[in-house]
Amino acid sequence: MARKRLPRIPAKAEAGFPIVGIGASAGGLAAFEAFFSGMPAGEALGMAFVLVQHLAPDHKSLLAELVKRYTRMQVCEAEDGMKVQPGCVYIIPPNRDMAFLDGALHLLEPAAPHGQRLAVDFFFRSLAQDQQERAVCVVLSGTGGDGTQGVRAVKGAGGMAMAQDPASAEHDGMPRSAIATGLVDFVLPPSEMPARLAAYAARAYGKAARAAAPEAPEGEDPLKKIFILLRAQTGHDFSHYKRNTIVRRVERRMAVQQVDRMDRYVRVLREHPAETEALFRDLLIGVTHFFRDPKEFQALEEKVLPRLFADKPAGSTVRVWVPACSTGEEAYSIAILLQERLDALKRNTQVVVFATDIDPRALECARAGVYPASIAADVSPKRLARFFSQDAKGGSYRILKSIRDMMIFSEQDAVKDPPFSRLDLISCRNLLIYLGPELHKKLMSLFHYALNPGGTLFLGTAETVGESAGLFGALDRKAKLYLRKESAGAFRSAASRFLPAPGGLGRSPARRVKEEHLQPVHKEPATGDQELQSSNEELQSLNEELQSAVEELETSKEELQSVNEELSTVNAELQSKVGDLTRVNNDMNNLLAGTGIGTIFVDHQLNIQRFTPAITQVINLIPTDVGRPVGHIVSNLAGYDRLSEDIREVLDTLAPKELEVRTKAGARLILRIRPYRTLENVIEGAVVTFVDITGMERKGN
């Protein structure tokens, strides 16, 4: 079948060409073949491709050599510091993690134990951080969930994500896990991916980097119509979010839908409600994972949690709110820190963590508390064993019920819905960066209202309290930890403009929660329980070891399967070559036998390598003579005993030699001795032939 001609990205886009990261594990070799076989010359796409596969750490990979057979692009195994060029394919070497920084690939020794290495996630995350919207990730065949967190990172940075159609994958674990995020743009068989990828790239990267769309006259701005359609279908107003951020996300969806103008995209939204829903989800994408920014979480643990419990009497409640919680990783991270603090204090203190978001699908994931195995990159082995259970196949982790019981997940828009109150801690990380000044100021006022005196506000690394320094003082400016200040009564009056009266909170998410039914999640251990506590610690330690062993076995199984795929491919090709060589050998034997010319092949030591049947009329050879010196064999020649000397002379001078000899029976023969040359023009011995000219003499007479 002829390959389709794919659209070319204009040359001016190549200053910042897209990087396509492709992750795979077991079954990846067949997927790579299908992917690259469906693609024309790489330079027509103006992209670079980086392949990350789970490889056995102690086995030399043949992947680069195998991929070369499926593509006309330049293919090489990555080296540390190698600059990436469009139209090239780079492959991760064994026993290395690989990251992308400043247009180059960097190799690192794996830090995680063998069974917990997540090479695909590691690369996808670095690619997202470095390339932002020019990052593209593709998840192909494989077991487990490696690549899923990387998909979140790439989409959060404004990039594009593809996954293999599970029905076409030898092992569907990795693509299914990626698809389950709801963030994958295209689900396709690998052979169909290049065409979609090229079309997307031509639309998304085919123009110079866009500046923010200029303000249009009132009533002529298609972006406002998009806000209207989003609000009508989802109930949420994005008109006060940062315009640049919204425009980038809209343009990304336009590239997916192959729409070139925003007014035409408005028509697509009106005619296809599913696209409005997809845009809504894209606008909500944020990068989140457990204990994101470890130093900041350490500051929270050391500087805030002790204060949180210091003034709480026995039987009281610690109240925490995590707005914009997404799929729950940050909220659960805080809950884990709180539980660890309770364990250390051995106090009967109730903890409630309110976690809210406007995305119902994200909240479903958060309530379930089930996460891919790749969270092992962010959660320590000790915490994994203490607060998570792993499924029998090692494919996912679930938060224990004791932690889930702390949580109250609720659909809520922090911007417009009434807030929770009497809170000790608010963790709102990486929401403010998307909001315009007006919404930023409004949220700061809401948080001040919701916090107890001296309560703590925890923000993202790129966020500050902005113009609300009168409401919050810095506890740790670097860690983005702020304390609520007491404000003048005028602020309460100002806040009341957008806060409902106390009697109007009856339908808010906070009031819908019947807190009197919440069960305490920590009880003091009974007296004399030390032995039970000790046994529990031993069981936890054993559980850690068992989980680590299971992970290592699963990883080894995947790596061995990848090795087996490579070897199977090489073996099949070798079998084919053996068949070809056998046919050539048979042809040569028949040719030599059919000529009737006696021939001997000897090496440099004049040992016989092979001979034709006709030679036995001249020299008494049998099959077992192969390997013996030619001078040791008795010949039927009369008056000629210089065969060994003549062969050596030819090997020394490389000049052919020809003379006439006779057999004892009277037959006349032409003896020719020539050097044996390989195709590479290397001398590997000599060829001796005897041509019977007796019959020619008779005809001449």
# chains A, B, ... in the order shown; residues from 1 in each chain; ligands from 1

call {"tool": "select_by_dssp", "arguments": {"residues": "segment 116-242 of chain A", "states": "strand (DSSP E)", "output": "JSON, numbers by chain"}}
result
{"A": [135, 136, 137, 138, 139, 160, 161, 162, 163, 164, 186, 187, 188]}

call {"tool": "write_last_selection", "arguments": {"atoms": "C-alpha atoms", "output": "mmCIF file, in the first residue's frame"}}
result
data_model
loop_
_atom_site.group_PDB
_atom_site.id
_atom_site.type_symbol
_atom_site.label_atom_id
_atom_site.label_comp_id
_atom_site.auth_asym_id
_atom_site.auth_seq_id
_atom_site.Cartn_x
_atom_site.Cartn_y
_atom_site.Cartn_z
ATOM 1 C CA ALA A 135 5.607 18.387 23.989
ATOM 2 C CA VAL A 136 3.766 15.406 22.508
ATOM 3 C CA CYS A 137 3.497 12.068 24.329
ATOM 4 C CA VAL A 138 2.441 8.707 22.897
ATOM 5 C CA VAL A 139 1.684 5.687 25.110
ATOM 6 C CA MET A 160 -0.850 16.754 23.152
ATOM 7 C CA ALA A 161 -1.342 13.117 24.165
ATOM 8 C CA MET A 162 -1.973 9.958 22.132
ATOM 9 C CA ALA A 163 -2.542 6.390 23.269
ATOM 10 C CA GLN A 164 -2.669 3.098 21.422
ATOM 11 C CA PHE A 186 -6.348 10.549 20.194
ATOM 12 C CA VAL A 187 -6.847 6.797 20.748
ATOM 13 C CA LEU A 188 -5.619 5.028 17.601
#

call {"tool": "residues_around", "arguments": {"residues": "Ile615 of chain A", "least_positions_apart": "4", "cutoff": "12 Å", "atoms": "only C-alpha atoms", "output": "MDAnalysis selection string"}}
result
chainID A and resid 592:593 595:601 610:611 619:623 635:637 663 669 671 688:692

call {"tool": "closest_residue", "arguments": {"among": "A:Ile403, A:Ala324, A:Leu63, A:Ala377", "to": "Ile336 of chain A", "atoms": "only C-alpha atoms"}}
result
A:Ile403

call {"tool": "closest_residue", "arguments": {"among": "A:Leu284, A:Pro166, A:Tyr205, A:Gln85", "to": "Thr245 of chain A", "atoms": "only C-alpha atoms"}}
result
A:Leu284

call {"tool": "atom_distance", "arguments": {"atom1": "atom CA of Leu483 of chain A", "atom2": "atom CA of Leu432 of chain A"}}
result
17.3 Å
